[in-house]
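Have a look at the structure below before the remarks.
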Amino acid sequence: MLVGLRGVGKTVLLNLIREQAEASGIYVLSIEAPENQSLPSILAPRLYTALLKLSRRRAAKELAQRALRGLAGFVKALKVTYRDIEVGLDVSPEPGLADNGNLESDLQELFEAIGAAARADATCVVFFFDELQYVPEDQLEALIMALHRVSQRQLPVTMLGAGLPQVRGRMGKAKSYAERLFDFSEIGPLSPEDARLAIEKPAREEGVEIEPFALDEIVSNTRCYPYFLQEWGKNVWDVAKGSPITVSDVEIATRQVIAALDQSFFRVRFDRLSPTEKRYLRAMADLGAGPHRSGDIAQQLNRLVTSLAPIRSQLINKGMIWSPSHGDTAFTVPMFDEFMRRIMPGDEWLSSA
């Protein structure tokens with residue numbers, strides 16, 4: 001599992017690995033979990049596509065067709081429970097195979113059937129699952145159990161996932177053995193040296209130099225987060241009239257980048273919040289980048305910690321904050337504290353807290 005804040009390059013890394021897997025002939029199922037959509041509705045169409053491809057392989061044909069029948073039963077049985085399953089399958093179900101309507105047992109049987117087909121073709125099926133934090137806990141538990149079952153049976157089905165830092169805790173809560181079943185790799189900001197290289201090297205390859213102080217300014221402004229390095233790099237390149245790129249170029253680009261991020265990267269997340277949630281995050285921002293103790297946030301709002309617990313839970317579920325340790329709260333989006341102070345300036349927000 002790749003876990004880290006927004007802007008640290010989890011998705012980019014996941015996609016690079018996925019491209020290598022596809023080039024190696026592995027059956028890749030790329031999934032990005034949206035909010036408010038069930039796991040079966042996400043999995044079913046992608047499994048159907050993968051199994052159709054496997055069914056065209058002579059060695060796997062019969063087992064892949066059986067897995068397709070299992071998928072048909074799986075979809076038919078769970079459509080009642082998960083009303084967002086829309087995939088239509090022109091395949092008759094196999095009675096008794098992944099069709100009892102219980103997600104945990106049905107998903108295990110389905111994964112076993114898929115794994116048997118992949119093994120027959122001497123290949124494997126890999127789920128590349130982004131935004132795992134949005135999968136509801138009961139459905140996440142079923143997914144973990146299914147992957148555990150195929151691991152026990154030594155079947156070639158596995159998952160590489162990415163998500164916000166709370167993914168590790170949510171998976172451990174869903175199934176205690178999750179931390180033994182998966183490796184969790186934390187993806188964070190680059191080192192200052194690598195951040196400099198990320199800007200300097202491609203510029204030099206184009207025959208453009210950048211002044212040392214200008215480079216220092218970019219590294220400082222971006223906090224070494226990959227996504228922000230991309231944004232600053234692009235805007236500085238567009239602003240600069242020639243070589244070398246100067247501090248003045250960076251200052252102009254910085255104003256442009258912050259304005260663009262405020263209207264897109266930050267604003268999209270802000271607009272999903274209720275007024276109460278916005279005030280909670282504004283109180284966090286008043287304390288700085290964080291992490292912050294829940295008691296300190298409550299004190300900012302002149303509220304009891306217990307009364308704010310539901311708001312905190314809502315913000316965690318929306319992927320806006322996470323808990324690095326018990327009682328601590330931190331933003332999942334780098335530099336969001338600065339944005340909150342810009343968009344809700346002054347002290348007026350306190351009067352409605």
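Identifiers for the structure tokens are assigned positionally: chains receive A, B, ... in sequence, residues are indexed from 1 per chain, and ligands are indexed from 1 in the order shown.
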(message) Need the shell around A:Tyr27: protein/DNA/RNA residues with any atom at most 8 Å away, counting only C-alpha atoms. Skip same-chain ones fewer than 3 positions apart. Format as a ChimeraX atom specification?
(response) /A:21-22,50,123-126
Can I get the selection written as an mmCIF file, in the first residue's frame, with N, CA and C atoms?
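So result_35.cif came out as:
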```cif
data_model
loop_
_atom_site.group_PDB
_atom_site.id
_atom_site.type_symbol
_atom_site.label_atom_id
_atom_site.label_comp_id
_atom_site.auth_asym_id
_atom_site.auth_seq_id
_atom_site.Cartn_x
_atom_site.Cartn_y
_atom_site.Cartn_z
ATOM 1 N N ALA A 21 3.587 -3.060 -15.192
ATOM 2 C CA ALA A 21 2.870 -4.332 -15.070
ATOM 3 C C ALA A 21 2.170 -4.688 -16.374
ATOM 4 N N GLU A 22 1.513 -3.704 -16.984
ATOM 5 C CA GLU A 22 0.824 -3.955 -18.249
ATOM 6 C C GLU A 22 1.804 -4.355 -19.344
ATOM 7 N N ALA A 50 -11.489 -8.085 -17.725
ATOM 8 C CA ALA A 50 -10.308 -8.934 -17.544
ATOM 9 C C ALA A 50 -10.620 -10.393 -17.852
ATOM 10 N N THR A 123 -0.250 -16.381 -15.610
ATOM 11 C CA THR A 123 -0.205 -14.929 -15.449
ATOM 12 C C THR A 123 -0.798 -14.568 -14.104
ATOM 13 N N CYS A 124 -1.047 -13.280 -13.880
ATOM 14 C CA CYS A 124 -1.671 -12.874 -12.625
ATOM 15 C C CYS A 124 -2.594 -11.678 -12.877
ATOM 16 N N VAL A 125 -3.490 -11.473 -11.934
ATOM 17 C CA VAL A 125 -4.428 -10.358 -11.971
ATOM 18 C C VAL A 125 -4.086 -9.433 -10.811
ATOM 19 N N VAL A 126 -3.886 -8.155 -11.127
ATOM 20 C CA VAL A 126 -3.508 -7.189 -10.088
ATOM 21 C C VAL A 126 -4.489 -6.017 -10.099
#
```
(request) Find the residues around A:Val87 up to 9 Å (only C-alpha atoms counted), leave out those fewer than 3 positions away in its own chain, and share them as an NGL selection string. (result) :A and (41 or 44-45 or 48 or 75)
(request) In Å, rounded to a single decimal, give me how far atom CA of A:Arg6 is from atom CA of A:Val236. (result) 22.1 Å
(request) Extract, using only C-alpha atoms, all DNA, RNA and protein residues at most 9 Å from stretch 323-333 of chain A, discarding same-chain residues fewer than 5 positions from it, and format them as a PyMOL selection string. (result) chain A and resi 4-7+164-166+266+281+284+289-295+297+312+316
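What separates atom CA of A:Lys234 from atom CA of A:Gly207 is a distance of 15.8 Å.
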(message) Ranking A:Leu2, A:Val135, A:Leu229, A:Ala174 by minimum distance to A:Asp194 and counting only C-alpha atoms, which one comes first?
(response)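 Among A:Leu2, A:Val135, A:Leu229, A:Ala174, it is A:Leu229 that comes nearest to A:Asp194.
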(message) as a ChimeraX atom specification, please: every residue in stretch 37-212 of chain A that DSSP puts in strand (DSSP E or B).
(response) /A:125-130,157-163,185-186,210
Those same residues, written as a PDB file, in the first residue's frame with C-alpha atoms?
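File produced: part_2.pdb:
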```
ATOM      1  CA  VAL A 125      -4.428 -10.358 -11.971  1.00  0.00           C
ATOM      2  CA  VAL A 126      -3.508  -7.189 -10.088  1.00  0.00           C
ATOM      3  CA  PHE A 127      -5.878  -4.535  -8.761  1.00  0.00           C
ATOM      4  CA  PHE A 128      -4.358  -1.061  -8.895  1.00  0.00           C
ATOM      5  CA  PHE A 129      -6.652   0.646  -6.420  1.00  0.00           C
ATOM      6  CA  ASP A 130      -6.428   4.395  -5.837  1.00  0.00           C
ATOM      7  CA  VAL A 157      -4.442 -12.342  -7.532  1.00  0.00           C
ATOM      8  CA  THR A 158      -3.163  -9.357  -5.576  1.00  0.00           C
ATOM      9  CA  MET A 159      -3.595  -5.635  -5.062  1.00  0.00           C
ATOM     10  CA  LEU A 160      -1.450  -2.527  -5.079  1.00  0.00           C
ATOM     11  CA  GLY A 161      -3.337   0.305  -3.431  1.00  0.00           C
ATOM     12  CA  ALA A 162      -2.867   3.973  -2.683  1.00  0.00           C
ATOM     13  CA  GLY A 163      -4.637   6.276  -0.304  1.00  0.00           C
ATOM     14  CA  SER A 185       4.973   2.269   2.228  1.00  0.00           C
ATOM     15  CA  GLU A 186       4.704   5.906   3.245  1.00  0.00           C
ATOM     16  CA  ILE A 210      18.241  28.707 -12.765  1.00  0.00           C
TER      17      ILE A 210
END
```
Skipping near chain neighbours, those fewer than 3 positions away, what residues fall within 9 Å of A:Ile252 using only C-alpha atoms, listed as a PDB file with N, CA, C and O atoms, in the first residue's frame?
```
ATOM      1  N   ASN A 235       4.884  27.018 -14.093  1.00  0.00           N
ATOM      2  CA  ASN A 235       4.610  28.454 -14.124  1.00  0.00           C
ATOM      3  C   ASN A 235       5.888  29.283 -14.218  1.00  0.00           C
ATOM      4  O   ASN A 235       5.915  30.312 -14.907  1.00  0.00           O
ATOM      5  N   VAL A 236       6.948  28.848 -13.534  1.00  0.00           N
ATOM      6  CA  VAL A 236       8.222  29.555 -13.642  1.00  0.00           C
ATOM      7  C   VAL A 236       8.725  29.492 -15.080  1.00  0.00           C
ATOM      8  O   VAL A 236       9.232  30.490 -15.626  1.00  0.00           O
ATOM      9  N   VAL A 239       6.790  31.936 -17.164  1.00  0.00           N
ATOM     10  CA  VAL A 239       7.045  33.339 -16.827  1.00  0.00           C
ATOM     11  C   VAL A 239       8.399  33.813 -17.340  1.00  0.00           C
ATOM     12  O   VAL A 239       8.532  34.930 -17.874  1.00  0.00           O
ATOM     13  N   VAL A 247      15.025  35.036  -9.338  1.00  0.00           N
ATOM     14  CA  VAL A 247      14.135  35.122  -8.180  1.00  0.00           C
ATOM     15  C   VAL A 247      12.876  35.902  -8.544  1.00  0.00           C
ATOM     16  O   VAL A 247      11.762  35.561  -8.121  1.00  0.00           O
ATOM     17  N   SER A 248      13.038  36.944  -9.343  1.00  0.00           N
ATOM     18  CA  SER A 248      11.886  37.734  -9.784  1.00  0.00           C
ATOM     19  C   SER A 248      10.899  36.886 -10.575  1.00  0.00           C
ATOM     20  O   SER A 248       9.678  36.995 -10.404  1.00  0.00           O
ATOM     21  N   ASP A 249      11.418  35.989 -11.430  1.00  0.00           N
ATOM     22  CA  ASP A 249      10.545  35.071 -12.178  1.00  0.00           C
ATOM     23  C   ASP A 249       9.762  34.185 -11.219  1.00  0.00           C
ATOM     24  O   ASP A 249       8.557  33.950 -11.398  1.00  0.00           O
ATOM     25  N   ARG A 255       2.818  33.870  -7.304  1.00  0.00           N
ATOM     26  CA  ARG A 255       1.497  34.501  -7.211  1.00  0.00           C
ATOM     27  C   ARG A 255       0.500  33.803  -8.145  1.00  0.00           C
ATOM     28  O   ARG A 255      -0.663  33.587  -7.781  1.00  0.00           O
ATOM     29  N   GLN A 256       0.962  33.429  -9.308  1.00  0.00           N
ATOM     30  CA  GLN A 256       0.087  32.753 -10.268  1.00  0.00           C
ATOM     31  C   GLN A 256      -0.304  31.354  -9.775  1.00  0.00           C
ATOM     32  O   GLN A 256      -1.468  30.947  -9.881  1.00  0.00           O
ATOM     33  N   VAL A 257       0.684  30.634  -9.238  1.00  0.00           N
ATOM     34  CA  VAL A 257       0.423  29.271  -8.770  1.00  0.00           C
ATOM     35  C   VAL A 257      -0.567  29.285  -7.618  1.00  0.00           C
ATOM     36  O   VAL A 257      -1.527  28.497  -7.590  1.00  0.00           O
TER      37      VAL A 257
END
```
(request) Work out how far atom CA of A:Arg279 is from atom CA of A:Asn302, in Å to one decimal. (result) 11.8 Å
(request) Pick out the closest residue to A:Arg83 from this set: A:Pro40, A:Pro226, A:Pro189, A:Gly115. Count only C-alpha atoms. (result)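 For A:Arg83, the nearest of the given residues is A:Pro40.
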(request) Find the residue from A:Asp262, A:Asp121, A:Glu200, A:Asp337 that sits nearest to A:Ser55; use only C-alpha atoms when measuring. (result)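 Selected residue with least distance to A:Ser55: A:Asp121.
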(request) Determine, counting only C-alpha atoms, which protein, DNA and RNA residues have an atom within 9 Å of an atom of A:Met340; residues of the same chain fewer than 6 positions away are not included. Present the result as an MDAnalysis selection string. (result) chainID A and resid 266 270 278 281:282 285:286
(message) My list of candidates is A:Arg149, A:Glu231, A:Ala120, A:Leu215. Which is closest to A:Ala203 when distances are computed with only C-alpha atoms?
(response) A:Leu215
